[in-house]
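The file upload-v1.cif contains mmCIF, C-alpha atoms:
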```cif
data_start
loop_
_atom_site.label_atom_id
_atom_site.label_comp_id
_atom_site.auth_asym_id
_atom_site.auth_seq_id
_atom_site.Cartn_x
_atom_site.Cartn_y
_atom_site.Cartn_z
CA MET K 943 -152.23 226.63 -32.24
CA ASN K 944 -151.05 229.20 -34.70
CA THR K 945 -147.71 229.37 -36.42
CA LEU K 946 -146.76 232.64 -34.73
CA HIS K 947 -145.79 230.99 -31.44
CA LEU K 948 -142.08 230.32 -31.12
CA ILE K 949 -142.17 227.06 -29.26
CA ASP K 950 -144.68 225.13 -27.24
CA SER K 951 -143.43 223.18 -24.23
CA THR K 952 -145.48 220.06 -25.08
CA ALA K 953 -144.25 220.18 -28.67
CA LEU K 954 -140.66 220.51 -27.43
CA LEU K 955 -141.13 217.53 -25.12
CA CYS K 956 -142.60 215.55 -28.02
CA ILE K 957 -139.70 216.45 -30.32
CA LEU K 958 -137.17 215.50 -27.63
CA ALA K 959 -138.94 212.16 -27.10
CA MET K 960 -138.83 211.50 -30.86
CA ALA K 961 -135.14 212.46 -30.99
CA GLY K 962 -134.36 210.22 -27.99
CA VAL K 963 -136.01 207.08 -29.33
CA THR K 964 -134.50 207.67 -32.78
CA TYR K 965 -130.95 207.97 -31.42
CA LEU K 966 -131.60 204.91 -29.29
CA ALA K 967 -132.54 203.00 -32.46
CA ARG K 968 -129.38 204.28 -34.17
CA ILE K 969 -127.03 202.95 -31.49
CA THR K 970 -128.94 199.86 -30.32
CA GLY K 971 -127.48 197.91 -33.23
CA LEU K 972 -123.97 198.87 -32.10
CA LEU K 973 -124.74 197.71 -28.57
CA LEU K 974 -126.40 194.45 -29.70
CA LEU K 975 -123.36 193.54 -31.76
CA ARG K 976 -121.43 192.69 -28.64
CA PHE K 977 -123.74 189.77 -27.95
CA VAL K 978 -124.82 188.26 -31.27
CA LYS K 979 -123.08 186.54 -34.11
CA ILE K 980 -124.62 187.12 -37.52
CA GLU K 981 -124.61 184.14 -39.85
CA GLY K 982 -126.83 181.70 -41.74
CA ARG K 983 -130.55 182.19 -41.40
CA LEU K 984 -130.16 185.26 -39.19
CA GLU K 985 -127.97 186.86 -41.85
CA ALA K 986 -130.56 186.11 -44.55
CA ALA K 987 -133.26 187.66 -42.38
CA LEU K 988 -131.10 190.74 -41.72
CA GLN K 989 -130.44 191.23 -45.42
CA ALA K 990 -134.19 191.38 -46.00
CA VAL K 991 -134.63 194.09 -43.38
CA PRO K 992 -134.00 197.23 -45.49
CA PRO K 993 -136.25 196.36 -48.47
CA ALA K 994 -138.97 194.96 -46.18
CA ILE K 995 -139.04 198.05 -44.00
CA LEU K 996 -138.98 200.46 -46.93
CA MET K 997 -141.78 198.51 -48.61
CA ALA K 998 -143.89 198.53 -45.44
CA VAL K 999 -143.39 202.27 -45.03
CA ILE K 1000 -144.68 203.09 -48.52
CA THR K 1001 -147.50 200.51 -48.55
CA PRO K 1002 -150.30 202.96 -47.61
CA VAL K 1003 -149.50 205.09 -50.66
CA ALA K 1004 -148.22 202.35 -52.96
CA ILE K 1005 -151.03 199.83 -52.38
CA ALA K 1006 -153.88 201.36 -50.44
CA THR K 1007 -154.45 204.84 -51.93
CA GLY K 1008 -155.53 204.44 -55.52
CA PRO K 1009 -154.66 203.01 -58.94
CA ALA K 1010 -152.70 206.15 -59.95
CA GLU K 1011 -150.33 205.82 -56.98
CA THR K 1012 -149.97 202.04 -57.37
CA LEU K 1013 -149.14 202.34 -61.07
CA ALA K 1014 -146.76 205.24 -60.47
CA THR K 1015 -144.93 203.24 -57.78
CA GLY K 1016 -144.46 200.42 -60.30
CA ILE K 1017 -143.21 202.86 -62.92
CA THR K 1018 -140.78 204.41 -60.41
CA ALA K 1019 -139.41 200.99 -59.45
CA LEU K 1020 -138.86 200.12 -63.11
CA ALA K 1021 -137.25 203.51 -63.75
CA ALA K 1022 -134.92 202.94 -60.78
CA THR K 1023 -133.41 199.91 -62.54
CA ARG K 1024 -132.42 202.06 -65.53
CA LEU K 1025 -132.02 205.67 -64.38
CA PRO K 1026 -130.00 207.47 -61.71
CA LEU K 1027 -131.86 208.12 -58.45
CA LEU K 1028 -132.93 211.68 -59.10
CA ALA K 1029 -134.20 210.98 -62.63
CA ALA K 1030 -136.13 207.96 -61.37
CA ILE K 1031 -137.79 210.02 -58.62
CA ALA K 1032 -138.69 212.70 -61.19
CA THR K 1033 -140.18 210.01 -63.45
CA GLY K 1034 -142.33 208.80 -60.56
CA VAL K 1035 -143.52 212.28 -59.62
CA ILE K 1036 -144.35 213.21 -63.22
CA SER K 1037 -146.16 209.93 -63.83
CA VAL K 1038 -148.29 210.32 -60.69
CA VAL K 1039 -149.35 213.80 -61.82
CA ILE K 1040 -150.33 212.51 -65.28
CA LEU K 1041 -152.04 209.35 -63.94
CA ARG K 1042 -154.08 211.36 -61.44
CA LEU K 1043 -155.55 213.34 -64.34
CA PHE K 1044 -157.01 210.12 -65.77
CA MET K 1045 -157.80 208.13 -62.65
CA VAL K 1046 -159.75 209.43 -59.72
CA MET Q 1039 -96.59 227.35 -50.86
CA ILE Q 1040 -94.78 224.07 -51.08
CA PRO Q 1041 -96.53 221.46 -48.95
CA LYS Q 1042 -94.28 219.70 -46.52
CA THR Q 1043 -94.50 216.01 -47.11
CA ASN Q 1044 -94.38 214.97 -43.52
CA LYS Q 1045 -96.69 212.60 -41.71
CA LYS Q 1046 -99.09 215.29 -40.65
CA THR Q 1047 -99.81 216.68 -44.13
CA LYS Q 1048 -100.27 213.13 -45.43
CA ARG Q 1049 -102.84 212.57 -42.75
CA VAL Q 1050 -104.62 215.81 -43.55
CA GLU Q 1051 -104.67 214.89 -47.23
CA GLY Q 1052 -106.14 211.50 -46.35
CA ILE Q 1053 -108.90 213.14 -44.36
CA ALA Q 1054 -109.63 215.54 -47.22
CA THR Q 1055 -109.79 212.72 -49.78
CA GLU Q 1056 -112.15 210.70 -47.62
CA ALA Q 1057 -114.38 213.69 -46.86
CA THR Q 1058 -114.51 214.68 -50.55
CA ALA Q 1059 -115.49 211.13 -51.50
CA GLY Q 1060 -118.33 211.33 -48.98
CA ILE Q 1061 -119.53 214.70 -50.28
CA LYS Q 1062 -119.43 213.46 -53.88
CA ALA Q 1063 -121.44 210.36 -52.99
CA ILE Q 1064 -124.19 212.25 -51.16
CA PHE Q 1065 -124.38 215.14 -53.65
CA PRO Q 1066 -127.22 213.86 -55.89
CA LEU Q 1067 -129.27 212.83 -52.86
CA ILE Q 1068 -129.21 216.38 -51.55
CA PHE Q 1069 -131.40 217.37 -54.48
CA ALA Q 1070 -133.83 214.59 -53.59
CA ALA Q 1071 -133.89 215.65 -49.93
CA ILE Q 1072 -134.47 219.39 -50.41
CA PRO Q 1073 -137.99 219.17 -51.95
CA ILE Q 1074 -138.96 216.64 -49.29
CA GLY Q 1075 -137.61 218.92 -46.55
CA LEU Q 1076 -139.53 221.86 -48.02
CA LEU Q 1077 -142.65 219.72 -48.11
CA TYR Q 1078 -142.11 218.55 -44.53
CA GLY Q 1079 -141.80 222.12 -43.29
CA ALA Q 1080 -144.86 223.22 -45.26
CA VAL Q 1081 -147.09 220.37 -44.05
CA ALA Q 1082 -145.81 220.73 -40.48
CA THR Q 1083 -146.83 224.38 -40.26
CA GLN Q 1084 -150.26 223.47 -41.60
CA LYS Q 1085 -150.48 221.04 -38.67
CA GLY Q 1086 -149.72 223.89 -36.26
CA MET Q 1087 -145.97 223.56 -35.73
CA SER Q 1088 -143.92 226.76 -35.53
CA VAL Q 1089 -140.83 227.40 -37.65
CA LEU Q 1090 -138.58 226.85 -34.63
CA GLU Q 1091 -140.30 223.56 -33.76
CA VAL Q 1092 -139.96 222.30 -37.33
CA THR Q 1093 -136.28 223.25 -37.40
CA LEU Q 1094 -135.62 221.57 -34.05
CA ALA Q 1095 -137.48 218.42 -35.11
CA SER Q 1096 -135.39 218.10 -38.28
CA ALA Q 1097 -132.13 218.93 -36.47
CA LEU Q 1098 -132.68 216.60 -33.51
CA VAL Q 1099 -134.68 213.71 -34.99
CA PHE Q 1100 -133.19 213.82 -38.52
CA ALA Q 1101 -135.31 210.91 -39.77
CA GLY Q 1102 -137.73 212.08 -42.44
CA GLY Q 1103 -140.00 209.04 -42.62
CA SER Q 1104 -140.76 209.10 -38.91
CA GLN Q 1105 -141.15 212.88 -38.92
CA PHE Q 1106 -143.88 212.54 -41.57
CA VAL Q 1107 -145.57 209.73 -39.64
CA ALA Q 1108 -145.53 211.93 -36.52
CA LEU Q 1109 -147.22 214.72 -38.49
CA ASP Q 1110 -150.12 212.37 -39.17
CA MET Q 1111 -150.70 212.24 -35.41
CA TRP Q 1112 -149.88 215.88 -34.70
CA HIS Q 1113 -153.19 216.99 -33.15
CA TYR Q 1114 -153.36 219.13 -30.03
CA PRO Q 1115 -153.28 218.07 -27.22
CA LEU Q 1116 -150.29 216.10 -28.50
CA PRO Q 1117 -150.35 212.35 -27.84
CA ILE Q 1118 -146.65 212.34 -26.89
CA PHE Q 1119 -146.41 208.67 -25.98
CA THR Q 1120 -148.18 207.50 -29.14
CA ILE Q 1121 -146.01 209.75 -31.33
CA ALA Q 1122 -142.78 208.64 -29.62
CA PHE Q 1123 -143.79 205.00 -29.95
CA ALA Q 1124 -144.72 205.36 -33.62
CA THR Q 1125 -141.40 207.14 -34.21
CA PHE Q 1126 -139.56 204.23 -32.62
CA LEU Q 1127 -141.52 201.70 -34.71
CA VAL Q 1128 -140.77 203.55 -37.96
CA ASN Q 1129 -137.12 203.85 -36.96
CA LEU Q 1130 -136.66 200.26 -35.75
CA ARG Q 1131 -134.96 199.68 -39.09
CA LEU Q 1132 -132.10 201.85 -37.82
CA VAL Q 1133 -131.40 199.17 -35.18
CA LEU Q 1134 -130.84 196.67 -37.96
CA MET Q 1135 -128.87 199.15 -40.06
CA SER Q 1136 -126.48 199.98 -37.23
CA PHE Q 1137 -126.27 196.27 -36.42
CA SER Q 1138 -125.18 195.63 -39.99
CA LEU Q 1139 -122.85 198.65 -40.40
CA GLY Q 1140 -121.31 198.62 -36.92
CA PRO Q 1141 -118.70 195.90 -37.51
CA LYS Q 1142 -117.66 197.60 -40.76
CA ALA Q 1143 -116.90 200.83 -38.87
CA HIS Q 1144 -114.09 199.21 -36.88
CA LYS Q 1145 -111.63 201.96 -37.87
CA MET Q 1146 -113.61 204.45 -35.79
CA GLN Q 1147 -112.93 204.89 -32.11
CA GLY Q 1148 -115.77 204.63 -29.60
CA LEU Q 1149 -117.09 208.17 -29.30
CA ARG Q 1150 -116.62 208.96 -32.98
CA LYS Q 1151 -118.70 205.93 -33.86
CA TYR Q 1152 -121.49 207.05 -31.56
CA LEU Q 1153 -121.34 210.54 -33.09
CA THR Q 1154 -121.44 209.43 -36.74
CA PHE Q 1155 -124.22 206.94 -36.02
CA PHE Q 1156 -126.41 209.88 -34.97
CA PHE Q 1157 -126.44 210.71 -38.70
CA LEU Q 1158 -127.57 207.25 -39.77
CA THR Q 1159 -130.43 207.47 -42.30
CA ASP Q 1160 -131.56 205.24 -45.16
CA GLU Q 1161 -129.39 207.26 -47.52
CA THR Q 1162 -126.20 207.63 -45.46
CA TRP Q 1163 -126.48 204.00 -44.44
CA ALA Q 1164 -126.95 202.73 -48.01
CA LEU Q 1165 -123.97 204.77 -49.27
CA SER Q 1166 -121.78 203.62 -46.37
CA GLU Q 1167 -122.63 199.97 -47.07
CA GLN Q 1168 -121.73 200.61 -50.71
CA ARG Q 1169 -118.42 202.21 -49.66
CA VAL Q 1170 -117.29 199.29 -47.51
CA THR Q 1171 -117.48 197.02 -50.52
CA GLN Q 1172 -114.46 198.97 -51.87
CA LYS Q 1173 -112.71 200.68 -48.96
CA PRO Q 1174 -112.70 200.65 -45.20
CA LEU Q 1175 -115.21 203.02 -43.66
CA THR Q 1176 -113.67 206.14 -42.10
CA TYR Q 1177 -114.88 208.89 -39.80
CA SER Q 1178 -114.08 211.54 -42.44
CA PHE Q 1179 -116.01 209.72 -45.16
CA MET Q 1180 -119.09 209.34 -42.98
CA LEU Q 1181 -119.03 212.98 -41.90
CA GLY Q 1182 -118.52 214.01 -45.55
CA LEU Q 1183 -121.70 212.10 -46.34
CA ALA Q 1184 -123.64 213.16 -43.31
CA LEU Q 1185 -123.02 216.86 -42.77
CA PRO Q 1186 -124.14 218.22 -46.19
CA PHE Q 1187 -127.18 215.95 -46.03
CA TYR Q 1188 -127.96 217.04 -42.47
CA ALA Q 1189 -127.60 220.71 -43.35
CA SER Q 1190 -129.84 220.46 -46.42
CA TRP Q 1191 -132.53 218.53 -44.55
CA THR Q 1192 -132.60 220.96 -41.62
CA LEU Q 1193 -132.40 224.13 -43.71
CA SER Q 1194 -134.96 223.02 -46.29
CA SER Q 1195 -137.39 222.07 -43.49
CA ALA Q 1196 -136.93 225.50 -41.93
CA LEU Q 1197 -137.42 227.17 -45.31
CA GLY Q 1198 -140.50 225.05 -46.06
CA ALA Q 1199 -141.93 226.05 -42.69
CA SER Q 1200 -141.25 229.74 -43.36
CA VAL Q 1201 -142.84 229.81 -46.80
CA GLY Q 1202 -145.19 226.91 -46.04
CA ALA Q 1203 -148.35 228.64 -47.14
CA LEU Q 1204 -146.93 228.99 -50.65
CA ILE Q 1205 -147.05 225.25 -51.23
CA GLU Q 1206 -150.72 224.85 -50.46
CA THR Q 1207 -151.52 221.91 -52.65
CA PRO Q 1208 -148.47 219.66 -52.93
CA GLU Q 1209 -150.68 216.96 -54.54
CA LYS Q 1210 -151.14 219.18 -57.56
CA TRP Q 1211 -147.42 218.98 -58.29
CA GLY Q 1212 -147.07 215.36 -57.28
CA LEU Q 1213 -144.68 216.45 -54.52
CA ASP Q 1214 -146.54 214.33 -51.97
CA PHE Q 1215 -145.36 211.36 -54.03
CA ALA Q 1216 -141.63 212.24 -53.98
CA PHE Q 1217 -141.07 210.41 -50.69
CA THR Q 1218 -142.76 207.21 -51.93
CA ALA Q 1219 -140.83 207.46 -55.19
CA MET Q 1220 -137.51 207.82 -53.36
CA PHE Q 1221 -138.20 204.79 -51.16
CA ALA Q 1222 -139.31 202.75 -54.20
CA CYS Q 1223 -135.92 203.56 -55.79
CA LEU Q 1224 -134.01 202.62 -52.63
CA ILE Q 1225 -135.92 199.31 -52.50
CA MET Q 1226 -134.75 198.43 -56.00
CA GLY Q 1227 -131.17 198.96 -54.83
CA PHE Q 1228 -131.63 195.95 -52.54
CA TRP Q 1229 -133.06 193.72 -55.30
CA LYS Q 1230 -131.31 190.35 -55.39
CA GLY Q 1231 -133.72 188.32 -57.52
CA LYS Q 1232 -136.89 186.32 -56.97
CA SER Q 1233 -136.49 185.93 -53.22
CA THR Q 1234 -136.51 189.72 -52.82
CA GLY Q 1235 -139.71 189.82 -54.87
CA ILE Q 1236 -141.38 187.31 -52.55
CA THR Q 1237 -140.20 189.22 -49.47
CA LEU Q 1238 -141.61 192.46 -50.89
CA LEU Q 1239 -144.93 190.86 -51.81
CA VAL Q 1240 -145.38 189.30 -48.35
CA THR Q 1241 -144.43 192.64 -46.76
CA ALA Q 1242 -146.80 194.69 -48.90
CA LEU Q 1243 -149.81 192.38 -48.44
CA THR Q 1244 -149.32 192.17 -44.67
CA ALA Q 1245 -148.70 195.90 -44.31
CA ALA Q 1246 -151.78 196.73 -46.41
CA ALA Q 1247 -154.03 194.41 -44.36
CA VAL Q 1248 -152.77 195.76 -41.02
CA TYR Q 1249 -152.97 199.35 -42.31
CA LYS Q 1250 -156.66 198.84 -43.16
CA LEU Q 1251 -157.54 197.02 -39.93
CA VAL Q 1252 -155.36 198.48 -37.17
CA PRO Q 1253 -155.01 202.20 -36.40
CA GLY Q 1254 -151.53 203.69 -35.87
CA ALA Q 1255 -148.14 202.82 -37.33
CA TRP Q 1256 -148.28 199.07 -36.58
CA TYR Q 1257 -148.47 198.27 -40.29
CA ILE Q 1258 -144.80 199.14 -40.66
CA ILE Q 1259 -143.41 196.71 -38.14
CA ALA Q 1260 -146.04 194.02 -38.92
CA GLY Q 1261 -145.33 194.19 -42.66
CA ALA Q 1262 -141.56 194.31 -42.18
CA LEU Q 1263 -141.58 191.38 -39.73
CA ALA Q 1264 -143.69 189.28 -42.12
CA GLY Q 1265 -141.22 190.04 -44.94
CA ILE Q 1266 -138.18 189.30 -42.77
CA ILE Q 1267 -139.69 186.00 -41.59
CA SER Q 1268 -140.44 185.04 -45.20
CA ALA Q 1269 -136.80 185.75 -46.07
CA ALA Q 1270 -135.64 183.56 -43.16
CA ILE Q 1271 -137.96 180.75 -44.35
CA GLN Q 1272 -136.65 181.09 -47.91
CA TYR Q 1273 -133.04 180.77 -46.69
CA LYS Q 1274 -131.20 177.77 -48.03
CA PRO Q 1275 -127.83 176.99 -46.54
CA GLU Q 1276 -125.18 177.22 -49.22
CA PRO Q 1277 -123.42 173.96 -49.95
CA PRO Q 1278 -120.07 174.05 -48.16
CA LYS Q 1279 -117.56 175.82 -50.41
CA ASN Q 1280 -114.42 174.02 -51.40
CA ASP Q 1281 -112.12 176.79 -50.31
CA LYS Q 1282 -109.20 174.48 -49.86
CA GLN Q 1283 -107.78 173.09 -53.03
CA PRO Q 1284 -107.20 169.36 -52.81
CA LEU Q 1285 -103.62 168.75 -51.89
CA PRO Q 1286 -101.45 167.67 -54.79
#
```

Structure re-expressed in structure tokens:
Amino acid sequence: MNTLHLIDSTALLCILAMAGVTYLARITGLLLLRFVKIEGRLEAALQAVPPAILMAVITPVAIATGPAETLATGITALAATRLPLLAAIATGVISVVILRLFMV
Amino acid sequence: MIPKTNKKTKRVEGIATEATAGIKAIFPLIFAAIPIGLLYGAVATQKGMSVLEVTLASALVFAGGSQFVALDMWHYPLPIFTIAFATFLVNLRLVLMSFSLGPKAHKMQGLRKYLTFFFLTDETWALSEQRVTQKPLTYSFMLGLALPFYASWTLSSALGASVGALIETPEKWGLDFAFTAMFACLIMGFWKGKSTGITLLVTALTAAAVYKLVPGAWYIIAGALAGIISAAIQYKPEPPKNDKQPLP
């Protein structure tokens, strides 16, 4: 495949499949709501969903890539408690660049 | 021109105020999304996607994390089922997000709700949850949040795909880390003390083990489920509150 082609029918099908399942995920919660009541232990579990999912998503880089990335993730998390979002992200990116110079 | 202060202008003003509040809230995040969109477009063309395909993917899927995960598997012939399944796994969190935000969007009528929820992302969701702590959630506010974010994501992906070759070594600039850094920041926004720490630790250890042992995107749902279960185990019912004052 080269980048000169406009669109490939398999790629289009793949993109449409991705779009379909993603929209399904976006509205499934709305549909489920009609049947479930959220309280107690279920509520506690639901509150843990966003941090748990975000943590799982970044684990390969944050934990399983190298000491530079692991340290930089820690630094970013600390920065996030003190700085606005964009500044904290910049701190993370700059620290990973510096740390990679020292750790291979 | 002197504005007529009838019902209609009041309504229009209300819509404008809500939309402006949404735009203001999303504004800083646009600057975080643009480099990531550029990077997505650049990496995607290196994987063989055309500019039009990249643009369509960002416009129709509009979920950066899953789009990056799909790129990992983007080898021809395309494993469509595997990619679609991985996309769903990565985006399962959206089920829980819409489950949590849905009841708070009660001011929106049916179709409008299903339209705005197309734009649900970590960022728009987090800002909407923040908004409902102060004001009811409106259609105008959510579109004010969503549309600028949607436009910057789609356009920066397209631009990244067009000039992709220019960013040949994103590692050199640490740009490959921007996504991880952003998610690390979002995680801290959900910090509620020790129990969050335990949930994160359980999640990270499980996800790391599954990532090393099992191919594919299973580590995401395995890690998240382990963390969610640990949060459910940690749950302690609050002692019943004495809402009612004892009668005099």

Spell out the residues picked by the PyMOL selection byres ((chain Q) within 7 of (chain K)) here, as a PyMOL selection string.
chain Q and resi 1066+1070+1083+1086-1088+1090-1091+1095+1098-1099+1118+1122+1125-1126+1129-1134+1136-1137+1140+1152+1155-1156+1158+1211-1213+1215-1216+1218-1223+1225-1226+1228+1237-1238+1241-1242+1245-1246+1249+1257-1258+1261-1262+1265-1267+1269-1270+1273+1275

Counting all atoms listed in the file, find the residues whose atoms lie at most 8 Å from (-132.6, 220.0, -37.6) (file coordinates) and write them out as a ChimeraX atom specification.
/Q:1092-1100,1188-1189,1191-1193,1195

Report as a compact mmCIF listing (two decimals) with C-alpha atoms, keeping the file's coordinate frame the residues that result from applying the PyMOL selection byres ((chain Q and resi 1112) around 10) to the structure here.
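Written file, selection08.txt:
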```txt
# COMPACT_ATOMS: atom_id res chain seq x y z
CA ALA K 953 -144.25 220.18 -28.67
CA CYS K 956 -142.60 215.55 -28.02
CA ALA Q 1082 -145.81 220.73 -40.48
CA LYS Q 1085 -150.48 221.04 -38.67
CA GLY Q 1086 -149.72 223.89 -36.26
CA MET Q 1087 -145.97 223.56 -35.73
CA PHE Q 1106 -143.88 212.54 -41.57
CA VAL Q 1107 -145.57 209.73 -39.64
CA ALA Q 1108 -145.53 211.93 -36.52
CA LEU Q 1109 -147.22 214.72 -38.49
CA ASP Q 1110 -150.12 212.37 -39.17
CA MET Q 1111 -150.70 212.24 -35.41
CA HIS Q 1113 -153.19 216.99 -33.15
CA TYR Q 1114 -153.36 219.13 -30.03
CA PRO Q 1115 -153.28 218.07 -27.22
CA LEU Q 1116 -150.29 216.10 -28.50
CA PRO Q 1117 -150.35 212.35 -27.84
CA ILE Q 1118 -146.65 212.34 -26.89
CA ILE Q 1121 -146.01 209.75 -31.33
```

How many Å lie between CA of Ile1236 (chain Q) and CA of Ile1271 (chain Q), rounded to one decimal?
11.0 Å

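Reported to one decimal place, the separation of CA of Asp1214 (chain Q) from CA of Met1045 (chain K) is 16.7 Å.
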
CA of Phe1179 (chain Q) and CA of Ala1196 (chain Q), how far apart in Å?
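Distance between the two atoms: 26.4 Å.
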
Might you spell out which residues the PyMOL selection byres ((chain Q and resi 1075) around 9) would select in the displayed file, as number ranges by chain?
Q: 1071-1074, 1076-1080, 1096, 1102, 1190-1198

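With distances taken over all atoms listed in the file, Q:Ser1178 is the one residue among Q:Ser1178, Q:Ser1268, Q:Gln1168, Q:Gln1105 lying closest to Thr1154 (chain Q).
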